[in-house]
file protein_12.cif (mmCIF, C-alpha atoms)
data_data
loop_
_atom_site.label_atom_id
_atom_site.label_comp_id
_atom_site.auth_asym_id
_atom_site.auth_seq_id
_atom_site.Cartn_x
_atom_site.Cartn_y
_atom_site.Cartn_z
CA MET A 66 -33.03 152.87 -135.69
CA SER A 67 -35.54 150.28 -134.48
CA ASN A 68 -34.38 147.91 -131.76
CA GLU A 69 -34.49 144.89 -134.09
CA GLN A 70 -31.98 146.54 -136.43
CA THR A 71 -29.31 146.34 -133.73
CA PHE A 72 -29.42 142.53 -134.16
CA TYR A 73 -29.14 142.35 -137.96
CA ASN A 74 -25.37 142.03 -138.26
CA GLU A 75 -24.91 139.48 -135.47
CA ILE A 76 -27.75 137.33 -136.83
CA LEU A 77 -26.30 137.61 -140.36
CA ASP A 78 -22.82 136.59 -139.16
CA TYR A 79 -24.25 133.70 -137.13
CA LEU A 80 -26.29 132.34 -140.03
CA ILE A 81 -23.35 132.49 -142.46
CA LEU A 82 -21.17 130.67 -139.91
CA GLN A 83 -23.84 128.00 -139.33
CA LEU A 84 -24.49 127.50 -143.02
CA ASN A 85 -20.77 127.08 -143.70
CA SER A 86 -20.40 124.65 -140.80
CA ASN A 87 -23.37 122.51 -141.87
CA PHE A 88 -22.32 122.43 -145.52
CA GLN A 89 -18.80 121.44 -144.51
CA ALA A 90 -20.24 118.56 -142.46
CA MET A 91 -22.24 117.54 -145.56
CA GLY A 92 -19.10 117.62 -147.70
CA LYS A 93 -20.44 120.57 -149.72
CA LYS A 94 -18.56 123.73 -150.62
CA TYR A 95 -20.55 126.85 -151.46
CA LEU A 96 -19.74 130.54 -151.51
CA ILE A 97 -21.91 132.18 -148.85
CA THR A 98 -22.25 135.91 -148.26
CA GLY A 99 -24.99 138.32 -147.30
CA ALA A 100 -26.06 141.84 -146.45
CA THR A 101 -28.79 143.97 -144.99
CA GLY A 102 -30.91 146.51 -146.85
CA GLU A 103 -32.12 146.80 -150.41
CA LEU A 104 -31.76 143.56 -152.36
CA LYS A 105 -30.81 144.80 -155.84
CA LYS A 106 -28.27 147.35 -154.56
CA GLY A 107 -26.99 144.86 -152.01
CA ILE A 108 -26.26 142.21 -154.64
CA ASP A 109 -24.54 144.81 -156.84
CA LYS A 110 -22.39 145.86 -153.86
CA LEU A 111 -21.49 142.25 -153.00
CA ILE A 112 -20.36 141.74 -156.60
CA LYS A 113 -18.43 145.04 -156.65
CA ASP A 114 -16.73 144.20 -153.34
CA LYS A 115 -15.86 140.74 -154.75
CA SER A 116 -17.73 139.03 -151.90
CA ILE A 117 -19.36 136.93 -154.60
CA PHE A 118 -18.58 136.43 -158.26
CA PRO A 119 -20.87 137.91 -160.93
CA SER A 120 -22.33 134.74 -162.44
CA LEU A 121 -24.69 135.25 -165.36
CA PHE A 122 -27.52 133.74 -163.27
CA LEU A 123 -27.00 136.25 -160.44
CA THR A 124 -26.57 139.32 -162.66
CA VAL A 125 -29.74 138.47 -164.62
CA PHE A 126 -31.59 138.06 -161.31
CA ALA A 127 -30.23 141.35 -159.92
CA ASP A 128 -31.25 143.21 -163.09
CA ALA A 129 -34.81 141.85 -162.98
CA VAL A 130 -35.65 141.76 -159.27
CA ALA A 131 -37.97 144.41 -157.86
CA PRO A 132 -36.44 146.80 -155.31
CA LEU A 133 -37.03 145.32 -151.85
CA ASP A 134 -35.80 146.62 -148.51
CA LEU A 135 -34.91 143.50 -146.54
CA ASP A 136 -33.67 143.01 -143.02
CA ILE A 137 -31.19 140.33 -144.09
CA PHE A 138 -30.52 138.39 -147.27
CA ILE A 139 -27.93 135.67 -147.80
CA VAL A 140 -26.66 134.46 -151.18
CA ILE A 141 -25.52 130.84 -151.44
CA MET A 142 -23.72 130.02 -154.71
CA ASN A 143 -22.19 126.86 -156.13
CA ALA A 144 -19.10 126.60 -158.38
CA LYS A 145 -21.25 126.78 -161.53
CA GLY A 146 -22.74 130.12 -160.49
CA LEU A 147 -26.15 128.71 -159.59
CA PHE A 148 -27.46 130.38 -156.46
CA GLU A 149 -30.24 130.57 -153.91
CA ILE A 150 -31.21 133.53 -151.76
CA LEU A 151 -32.35 133.22 -148.16
CA ILE A 152 -34.49 136.11 -146.95
CA CYS A 153 -34.65 136.74 -143.19
CA GLU A 154 -37.29 138.96 -141.63
CA ILE A 155 -36.23 140.00 -138.12
CA LYS A 156 -38.76 141.05 -135.49
CA ASP A 157 -38.43 142.14 -131.87
CA LEU A 158 -41.92 141.35 -130.60
CA LYS A 159 -43.43 139.52 -127.66
CA ALA A 160 -44.87 137.12 -130.22
CA VAL A 161 -44.88 136.99 -134.03
CA GLY A 162 -48.08 136.13 -135.83
CA LEU A 163 -49.69 135.77 -139.23
CA LYS A 164 -49.05 139.43 -140.10
CA GLU A 165 -45.28 138.98 -139.79
CA LEU A 166 -45.31 135.65 -141.64
CA SER A 167 -47.39 137.24 -144.42
CA GLN A 168 -44.76 139.95 -144.84
CA LEU A 169 -42.06 137.31 -145.30
CA ILE A 170 -44.23 135.38 -147.77
CA GLY A 171 -44.70 138.58 -149.78
CA TYR A 172 -40.95 139.22 -149.94
CA CYS A 173 -40.28 135.65 -151.07
CA LEU A 174 -42.96 135.81 -153.77
CA ILE A 175 -41.85 139.20 -155.11
CA SER A 176 -38.16 138.25 -155.20
CA ASP A 177 -38.88 134.64 -156.23
CA SER A 178 -36.66 133.47 -153.36
CA LYS A 179 -37.24 129.86 -152.39
CA LEU A 180 -36.15 130.30 -148.78
CA GLY A 181 -37.34 132.54 -145.97
CA LEU A 182 -36.92 132.73 -142.20
CA LEU A 183 -38.98 134.76 -139.77
CA ILE A 184 -36.78 135.31 -136.71
CA ASN A 185 -38.14 136.83 -133.51
CA VAL A 186 -35.62 138.29 -131.07
CA ASP A 187 -36.26 136.86 -127.59
CA GLY A 188 -39.92 136.40 -128.46
CA GLN A 189 -42.31 133.59 -129.21
CA ILE A 190 -44.74 132.50 -131.91
CA SER A 191 -48.30 133.50 -131.15
CA PRO A 192 -50.63 130.64 -130.18
CA ARG A 193 -52.84 131.59 -133.13
CA LEU A 194 -49.97 131.28 -135.64
CA THR A 195 -48.87 128.02 -134.02
CA THR A 196 -52.38 126.64 -134.51
CA ILE A 197 -52.53 127.88 -138.11
CA LEU A 198 -49.19 126.26 -138.96
CA HIS A 199 -50.19 123.02 -137.22
CA ASN A 200 -53.50 122.82 -139.10
CA ASN A 201 -52.16 124.16 -142.43
CA PRO A 202 -48.51 123.07 -142.78
CA ASP A 203 -48.54 123.86 -146.51
CA ILE A 204 -48.63 127.60 -145.70
CA THR A 205 -44.85 127.43 -145.28
CA ASN A 206 -44.31 125.21 -148.33
CA ILE A 207 -45.83 127.17 -151.20
CA THR A 208 -45.75 126.06 -154.83
CA ARG A 209 -47.03 128.50 -157.42
CA ILE A 210 -47.45 128.27 -161.17
CA VAL A 211 -45.56 130.89 -163.18
CA GLY A 212 -46.13 131.57 -166.86
CA VAL A 213 -49.92 131.40 -167.19
CA HIS A 214 -50.12 135.09 -168.15
CA GLN A 215 -47.58 134.53 -170.92
CA GLY A 216 -49.88 132.14 -172.76
CA LYS A 217 -47.62 129.14 -172.33
CA ALA A 218 -48.85 125.63 -172.90
CA LYS A 219 -49.53 123.61 -169.75
CA GLU A 220 -46.35 121.54 -170.14
CA GLU A 221 -44.28 124.77 -170.37
CA LEU A 222 -45.49 126.27 -167.09
CA ASP A 223 -42.89 126.74 -164.38
CA LEU A 224 -43.45 125.66 -160.80
CA HIS A 225 -41.79 127.90 -158.23
CA GLU A 226 -41.39 126.68 -154.66
CA HIS A 227 -41.08 128.77 -151.49
CA ASN A 228 -40.15 127.28 -148.11
CA LEU A 229 -40.41 129.18 -144.85
CA GLY A 230 -39.57 128.71 -141.19
CA VAL A 231 -40.08 130.56 -137.93
CA MET A 232 -37.26 130.69 -135.38
CA LYS A 233 -36.11 132.66 -132.35
CA TRP A 234 -32.91 134.64 -131.78
CA ASN A 235 -31.68 134.42 -128.20
CA SER A 236 -29.90 137.73 -127.59
CA ILE A 237 -28.16 136.38 -124.47
CA THR A 238 -26.61 133.23 -125.99
CA LYS A 239 -26.49 134.84 -129.47
CA ARG A 240 -27.85 131.69 -131.05
CA ILE A 241 -30.86 130.61 -133.08
CA GLU A 242 -33.43 128.53 -131.22
CA TYR A 243 -35.72 126.27 -133.24
CA SER A 244 -39.49 126.32 -132.91
CA ASN A 245 -40.26 123.47 -135.35
CA ALA A 246 -42.71 125.85 -137.01
CA GLY A 247 -42.70 125.71 -140.77
CA LYS A 248 -41.06 123.75 -143.56
CA ILE A 249 -37.63 125.03 -142.51
CA SER A 250 -37.52 123.62 -138.98
CA SER A 251 -33.75 123.88 -138.42
CA ILE A 252 -30.49 125.07 -139.98
CA PRO A 253 -29.60 121.49 -141.05
CA LYS A 254 -33.02 121.23 -142.77
CA LEU A 255 -32.35 124.59 -144.47
CA CYS A 256 -28.96 123.33 -145.70
CA GLU A 257 -30.55 120.15 -147.01
CA LEU A 258 -33.06 122.18 -149.03
CA ILE A 259 -30.36 124.50 -150.39
CA SER A 260 -28.15 121.57 -151.38
CA ASN A 261 -31.07 119.92 -153.20
CA TYR A 262 -31.67 123.13 -155.16
CA LEU A 263 -28.01 123.66 -156.06
CA GLU A 264 -27.02 120.10 -157.00
#
call {"tool": "encode", "arguments": {"input": "protein_12.cif", "output": "structure tokens"}}
result
Amino acid sequence: MSNEQTFYNEILDYLILQLNSNFQAMGKKYLITGATGELKKGIDKLIKDKSIFPSLFLTVFADAVAPLDLDIFIVIMNAKGLFEILICEIKDLKAVGLKELSQLIGYCLISDSKLGLLINVDGQISPRLTTILHNNPDITNITRIVGVHQGKAKEELDLHEHNLGVMKWNSITKRIEYSNAGKISSIPKLCELISNYLE
């Protein structure tokens, strides 16, 4: 087991608690649950364990999504069964850089998840990545066109958005620390984005 894996469950529990707290403050009520490991199997297990209800939207997604081994994923669902998935890539490095952010981007694109967090345990963001994000803020707010290969007319093309953030996990205080790097700069900002998607 890599050292970063020892932090998965406490980070997962913390994020669920913070999401619930922020949504409550916003007057929103969502079902929030999550897991570690393979995404498709994880969603199936969450449904089987009745941690989340099997909405048509979620079951169609789970059937279609490519197998992905993830550090953490969190499912946020509204009363109508609409949902968003937050993917968290956990690292235990002196500093995370473009390589680690690229991995998270890849996971979000493959799974079509709109939300991703790169979380470094007790580490920093490399000066190079900080400069890249400062000079190219759109790297963490990606919009892609889906449907071109299906021969759709221009007005039928779907735009898919992906928003990312880079944060730090403090293993002493057991809390997230913000770095203001990326589109998702804080948990309240994350909750705002999720609420916009689900309303």
call {"tool": "resolve_selection", "arguments": {"input": "protein_12.cif", "expression": "the PyMOL selection byres ((chain A and resi 249) around 9)", "output": "ChimeraX atom specification"}}
result
/A:180-182,205-206,228-231,245-248,250-255,258
call {"tool": "closest_atom_pairs", "arguments": {"input": "protein_12.cif", "of": "range 66-124 of chain A", "to": "range 187-202 of chain A", "cutoff": "12 Å", "atoms": "all atoms listed in the file", "output": "Markdown table"}}
result
| residue | atom | partner | partner_atom | distance |
| --- | --- | --- | --- | --- |
| A:Asn68 | CA | A:Asp187 | CA | 12.0 |
| A:Glu69 | CA | A:Asp187 | CA | 10.5 |
| A:Phe72 | CA | A:Asp187 | CA | 11.0 |
call {"tool": "atom_distance", "arguments": {"input": "protein_12.cif", "atom1": "CA of Ala131 in chain A", "atom2": "CA of Leu224 in chain A"}}
result
19.8 Å
call {"tool": "resolve_selection", "arguments": {"input": "protein_12.cif", "expression": "the PyMOL selection byres ((chain A and resi 157) around 12)", "output": "PyMOL selection string"}}
result
chain A and resi 67-73+154-156+158-161+165+183-190+233-236
call {"tool": "write_last_selection", "arguments": {"input": "protein_12.cif", "atoms": "C-alpha atoms", "output": "PDB file, in the coordinates of the input"}}
result
ATOM      1  CA  SER A  67     -35.540 150.280-134.480  1.00  0.00           C
ATOM      2  CA  ASN A  68     -34.380 147.910-131.760  1.00  0.00           C
ATOM      3  CA  GLU A  69     -34.490 144.890-134.090  1.00  0.00           C
ATOM      4  CA  GLN A  70     -31.980 146.540-136.430  1.00  0.00           C
ATOM      5  CA  THR A  71     -29.310 146.340-133.730  1.00  0.00           C
ATOM      6  CA  PHE A  72     -29.420 142.530-134.160  1.00  0.00           C
ATOM      7  CA  TYR A  73     -29.140 142.350-137.960  1.00  0.00           C
ATOM      8  CA  GLU A 154     -37.290 138.960-141.630  1.00  0.00           C
ATOM      9  CA  ILE A 155     -36.230 140.000-138.120  1.00  0.00           C
ATOM     10  CA  LYS A 156     -38.760 141.050-135.490  1.00  0.00           C
ATOM     11  CA  LEU A 158     -41.920 141.350-130.600  1.00  0.00           C
ATOM     12  CA  LYS A 159     -43.430 139.520-127.660  1.00  0.00           C
ATOM     13  CA  ALA A 160     -44.870 137.120-130.220  1.00  0.00           C
ATOM     14  CA  VAL A 161     -44.880 136.990-134.030  1.00  0.00           C
ATOM     15  CA  GLU A 165     -45.280 138.980-139.790  1.00  0.00           C
ATOM     16  CA  LEU A 183     -38.980 134.760-139.770  1.00  0.00           C
ATOM     17  CA  ILE A 184     -36.780 135.310-136.710  1.00  0.00           C
ATOM     18  CA  ASN A 185     -38.140 136.830-133.510  1.00  0.00           C
ATOM     19  CA  VAL A 186     -35.620 138.290-131.070  1.00  0.00           C
ATOM     20  CA  ASP A 187     -36.260 136.860-127.590  1.00  0.00           C
ATOM     21  CA  GLY A 188     -39.920 136.400-128.460  1.00  0.00           C
ATOM     22  CA  GLN A 189     -42.310 133.590-129.210  1.00  0.00           C
ATOM     23  CA  ILE A 190     -44.740 132.500-131.910  1.00  0.00           C
ATOM     24  CA  LYS A 233     -36.110 132.660-132.350  1.00  0.00           C
ATOM     25  CA  TRP A 234     -32.910 134.640-131.780  1.00  0.00           C
ATOM     26  CA  ASN A 235     -31.680 134.420-128.200  1.00  0.00           C
ATOM     27  CA  SER A 236     -29.900 137.730-127.590  1.00  0.00           C
TER      28      SER A 236
END
call {"tool": "closest_residue", "arguments": {"input": "protein_12.cif", "among": "A:Val130, A:Asp136, A:Thr238, A:Asp114", "to": "Ile175 in chain A", "atoms": "all atoms listed in the file"}}
result
A:Val130
call {"tool": "resolve_selection", "arguments": {"input": "protein_12.cif", "expression": "the PyMOL selection byres ((chain A and resi 135) around 12)", "output": "PyMOL selection string"}}
result
chain A and resi 70+73+99-108+131-134+136-139+150-156+168-169+171-173+175-176+181-183
call {"tool": "closest_residue", "arguments": {"input": "protein_12.cif", "among": "A:Leu82, A:Ile141, A:Thr124, A:Pro119", "to": "Thr98 in chain A", "atoms": "all atoms listed in the file"}}
result
A:Ile141
call {"tool": "closest_residue", "arguments": {"input": "protein_12.cif", "among": "A:Asp109, A:Leu96, A:Met142, A:Gln89", "to": "Ala127 in chain A", "atoms": "all atoms listed in the file"}}
result
A:Asp109
call {"tool": "residues_around", "arguments": {"input": "protein_12.cif", "residues": "Lys145 in chain A", "least_positions_apart": "4", "cutoff": "10 Å", "atoms": "all atoms listed in the file", "output": "list of chain:residue names"}}
result
A:Ser120, A:Leu121, A:Phe122, A:Leu263, A:Glu264
call {"tool": "write_last_selection", "arguments": {"input": "protein_12.cif", "atoms": "C-alpha atoms", "output": "mmCIF file, keeping the file's coordinate frame"}}
result
data_model
loop_
_atom_site.group_PDB
_atom_site.id
_atom_site.type_symbol
_atom_site.label_atom_id
_atom_site.label_comp_id
_atom_site.auth_asym_id
_atom_site.auth_seq_id
_atom_site.Cartn_x
_atom_site.Cartn_y
_atom_site.Cartn_z
ATOM 1 C CA SER A 120 -22.330 134.740 -162.440
ATOM 2 C CA LEU A 121 -24.690 135.250 -165.360
ATOM 3 C CA PHE A 122 -27.520 133.740 -163.270
ATOM 4 C CA LEU A 263 -28.010 123.660 -156.060
ATOM 5 C CA GLU A 264 -27.020 120.100 -157.000
#
call {"tool": "atom_distance", "arguments": {"input": "protein_12.cif", "atom1": "CA of Met91 in chain A", "atom2": "CA of Glu257 in chain A"}}
result
8.8 Å
call {"tool": "atom_distance", "arguments": {"input": "protein_12.cif", "atom1": "CA of Tyr95 in chain A", "atom2": "CA of Phe126 in chain A"}}
result
18.6 Å
call {"tool": "closest_residue", "arguments": {"input": "protein_12.cif", "among": "A:Leu111, A:Val211, A:Ile170, A:Leu147", "to": "Val125 in chain A", "atoms": "only C-alpha atoms"}}
result
A:Leu147
call {"tool": "closest_residue", "arguments": {"input": "protein_12.cif", "among": "A:Ile97, A:Leu174, A:Ile117, A:Ala90", "to": "Thr208 in chain A", "atoms": "only C-alpha atoms"}}
result
A:Leu174
call {"tool": "residues_around", "arguments": {"input": "protein_12.cif", "residues": "Ile210 in chain A", "least_positions_apart": "3", "cutoff": "8 Å", "atoms": "all atoms listed in the file", "output": "list of chain:residue names"}}
result
A:Val213, A:Leu222, A:Asp223, A:Leu224, A:His225
call {"tool": "build_atoms", "arguments": {"input": "protein_12.cif", "residues": "range 108-144 of chain A", "atoms": "N, CA and C atoms", "output": "PDB file, keeping the file's coordinate frame"}}
result
ATOM      1  N   ILE A 108     -26.925 143.197-153.780  1.00  0.00           N
ATOM      2  CA  ILE A 108     -26.260 142.210-154.640  1.00  0.00           C
ATOM      3  C   ILE A 108     -25.189 142.897-155.486  1.00  0.00           C
ATOM      4  N   ASP A 109     -25.525 144.059-156.040  1.00  0.00           N
ATOM      5  CA  ASP A 109     -24.540 144.810-156.840  1.00  0.00           C
ATOM      6  C   ASP A 109     -23.301 145.136-156.003  1.00  0.00           C
ATOM      7  N   LYS A 110     -23.514 145.518-154.750  1.00  0.00           N
ATOM      8  CA  LYS A 110     -22.390 145.860-153.860  1.00  0.00           C
ATOM      9  C   LYS A 110     -21.558 144.616-153.536  1.00  0.00           C
ATOM     10  N   LEU A 111     -22.218 143.485-153.281  1.00  0.00           N
ATOM     11  CA  LEU A 111     -21.490 142.250-153.000  1.00  0.00           C
ATOM     12  C   LEU A 111     -20.618 141.844-154.187  1.00  0.00           C
ATOM     13  N   ILE A 112     -21.142 142.043-155.394  1.00  0.00           N
ATOM     14  CA  ILE A 112     -20.360 141.740-156.600  1.00  0.00           C
ATOM     15  C   ILE A 112     -19.198 142.728-156.736  1.00  0.00           C
ATOM     16  N   LYS A 113     -19.471 144.009-156.539  1.00  0.00           N
ATOM     17  CA  LYS A 113     -18.430 145.040-156.650  1.00  0.00           C
ATOM     18  C   LYS A 113     -17.324 144.827-155.621  1.00  0.00           C
ATOM     19  N   ASP A 114     -17.711 144.434-154.405  1.00  0.00           N
ATOM     20  CA  ASP A 114     -16.730 144.200-153.340  1.00  0.00           C
ATOM     21  C   ASP A 114     -16.038 142.839-153.464  1.00  0.00           C
ATOM     22  N   LYS A 115     -16.426 142.074-154.492  1.00  0.00           N
ATOM     23  CA  LYS A 115     -15.860 140.740-154.750  1.00  0.00           C
ATOM     24  C   LYS A 115     -16.148 139.757-153.614  1.00  0.00           C
ATOM     25  N   SER A 116     -17.280 139.988-152.913  1.00  0.00           N
ATOM     26  CA  SER A 116     -17.730 139.030-151.900  1.00  0.00           C
ATOM     27  C   SER A 116     -18.351 137.815-152.574  1.00  0.00           C
ATOM     28  N   ILE A 117     -18.766 138.016-153.818  1.00  0.00           N
ATOM     29  CA  ILE A 117     -19.360 136.930-154.600  1.00  0.00           C
ATOM     30  C   ILE A 117     -19.049 137.212-156.069  1.00  0.00           C
ATOM     31  N   PHE A 118     -18.929 136.165-156.881  1.00  0.00           N
ATOM     32  CA  PHE A 118     -18.580 136.430-158.260  1.00  0.00           C
ATOM     33  C   PHE A 118     -19.835 136.666-159.110  1.00  0.00           C
ATOM     34  N   PRO A 119     -19.703 137.488-160.148  1.00  0.00           N
ATOM     35  CA  PRO A 119     -20.870 137.910-160.930  1.00  0.00           C
ATOM     36  C   PRO A 119     -21.287 136.856-161.956  1.00  0.00           C
ATOM     37  N   SER A 120     -21.853 135.761-161.498  1.00  0.00           N
ATOM     38  CA  SER A 120     -22.330 134.740-162.440  1.00  0.00           C
ATOM     39  C   SER A 120     -23.457 135.324-163.285  1.00  0.00           C
ATOM     40  N   LEU A 121     -23.627 134.781-164.470  1.00  0.00           N
ATOM     41  CA  LEU A 121     -24.690 135.250-165.360  1.00  0.00           C
ATOM     42  C   LEU A 121     -26.049 135.107-164.675  1.00  0.00           C
ATOM     43  N   PHE A 122     -26.249 133.983-163.947  1.00  0.00           N
ATOM     44  CA  PHE A 122     -27.520 133.740-163.270  1.00  0.00           C
ATOM     45  C   PHE A 122     -27.818 134.856-162.262  1.00  0.00           C
ATOM     46  N   LEU A 123     -26.806 135.246-161.483  1.00  0.00           N
ATOM     47  CA  LEU A 123     -27.000 136.250-160.440  1.00  0.00           C
ATOM     48  C   LEU A 123     -27.201 137.645-161.031  1.00  0.00           C
ATOM     49  N   THR A 124     -26.430 137.981-162.071  1.00  0.00           N
ATOM     50  CA  THR A 124     -26.570 139.320-162.660  1.00  0.00           C
ATOM     51  C   THR A 124     -27.931 139.479-163.355  1.00  0.00           C
ATOM     52  N   VAL A 125     -28.405 138.425-164.009  1.00  0.00           N
ATOM     53  CA  VAL A 125     -29.740 138.470-164.620  1.00  0.00           C
ATOM     54  C   VAL A 125     -30.801 138.653-163.549  1.00  0.00           C
ATOM     55  N   PHE A 126     -30.657 137.927-162.438  1.00  0.00           N
ATOM     56  CA  PHE A 126     -31.590 138.060-161.310  1.00  0.00           C
ATOM     57  C   PHE A 126     -31.565 139.481-160.762  1.00  0.00           C
ATOM     58  N   ALA A 127     -30.371 140.018-160.513  1.00  0.00           N
ATOM     59  CA  ALA A 127     -30.230 141.350-159.920  1.00  0.00           C
ATOM     60  C   ALA A 127     -30.821 142.425-160.834  1.00  0.00           C
ATOM     61  N   ASP A 128     -30.687 142.238-162.146  1.00  0.00           N
ATOM     62  CA  ASP A 128     -31.250 143.210-163.090  1.00  0.00           C
ATOM     63  C   ASP A 128     -32.775 143.182-163.081  1.00  0.00           C
ATOM     64  N   ALA A 129     -33.354 142.011-162.854  1.00  0.00           N
ATOM     65  CA  ALA A 129     -34.810 141.850-162.980  1.00  0.00           C
ATOM     66  C   ALA A 129     -35.571 142.018-161.681  1.00  0.00           C
ATOM     67  N   VAL A 130     -34.925 141.790-160.535  1.00  0.00           N
ATOM     68  CA  VAL A 130     -35.650 141.760-159.270  1.00  0.00           C
ATOM     69  C   VAL A 130     -36.180 143.145-158.900  1.00  0.00           C
ATOM     70  N   ALA A 131     -37.372 143.154-158.322  1.00  0.00           N
ATOM     71  CA  ALA A 131     -37.970 144.410-157.860  1.00  0.00           C
ATOM     72  C   ALA A 131     -37.198 144.932-156.652  1.00  0.00           C
ATOM     73  N   PRO A 132     -37.109 146.249-156.491  1.00  0.00           N
ATOM     74  CA  PRO A 132     -36.440 146.800-155.310  1.00  0.00           C
ATOM     75  C   PRO A 132     -37.185 146.368-154.036  1.00  0.00           C
ATOM     76  N   LEU A 133     -36.451 145.781-153.110  1.00  0.00           N
ATOM     77  CA  LEU A 133     -37.030 145.320-151.850  1.00  0.00           C
ATOM     78  C   LEU A 133     -36.097 145.659-150.704  1.00  0.00           C
ATOM     79  N   ASP A 134     -36.589 146.361-149.705  1.00  0.00           N
ATOM     80  CA  ASP A 134     -35.800 146.620-148.510  1.00  0.00           C
ATOM     81  C   ASP A 134     -35.966 145.455-147.554  1.00  0.00           C
ATOM     82  N   LEU A 135     -34.876 144.714-147.344  1.00  0.00           N
ATOM     83  CA  LEU A 135     -34.910 143.500-146.540  1.00  0.00           C
ATOM     84  C   LEU A 135     -34.070 143.677-145.288  1.00  0.00           C
ATOM     85  N   ASP A 136     -34.471 142.979-144.235  1.00  0.00           N
ATOM     86  CA  ASP A 136     -33.670 143.010-143.020  1.00  0.00           C
ATOM     87  C   ASP A 136     -32.328 142.333-143.276  1.00  0.00           C
ATOM     88  N   ILE A 137     -32.383 141.107-143.781  1.00  0.00           N
ATOM     89  CA  ILE A 137     -31.190 140.330-144.090  1.00  0.00           C
ATOM     90  C   ILE A 137     -31.456 139.499-145.339  1.00  0.00           C
ATOM     91  N   PHE A 138     -30.463 139.398-146.217  1.00  0.00           N
ATOM     92  CA  PHE A 138     -30.520 138.390-147.270  1.00  0.00           C
ATOM     93  C   PHE A 138     -29.155 137.746-147.382  1.00  0.00           C
ATOM     94  N   ILE A 139     -29.166 136.451-147.681  1.00  0.00           N
ATOM     95  CA  ILE A 139     -27.930 135.670-147.800  1.00  0.00           C
ATOM     96  C   ILE A 139     -27.938 134.986-149.168  1.00  0.00           C
ATOM     97  N   VAL A 140     -26.816 135.102-149.880  1.00  0.00           N
ATOM     98  CA  VAL A 140     -26.660 134.460-151.180  1.00  0.00           C
ATOM     99  C   VAL A 140     -25.775 133.234-151.007  1.00  0.00           C
ATOM    100  N   ILE A 141     -26.273 132.095-151.476  1.00  0.00           N
ATOM    101  CA  ILE A 141     -25.520 130.840-151.440  1.00  0.00           C
ATOM    102  C   ILE A 141     -25.298 130.418-152.892  1.00  0.00           C
ATOM    103  N   MET A 142     -24.026 130.280-153.305  1.00  0.00           N
ATOM    104  CA  MET A 142     -23.720 130.020-154.710  1.00  0.00           C
ATOM    105  C   MET A 142     -22.790 128.812-154.854  1.00  0.00           C
ATOM    106  N   ASN A 143     -23.078 127.988-155.868  1.00  0.00           N
ATOM    107  CA  ASN A 143     -22.190 126.860-156.130  1.00  0.00           C
ATOM    108  C   ASN A 143     -21.127 127.240-157.162  1.00  0.00           C
ATOM    109  N   ALA A 144     -20.235 126.316-157.488  1.00  0.00           N
ATOM    110  CA  ALA A 144     -19.100 126.600-158.380  1.00  0.00           C
ATOM    111  C   ALA A 144     -19.541 126.927-159.803  1.00  0.00           C
TER     112      ALA A 144
END
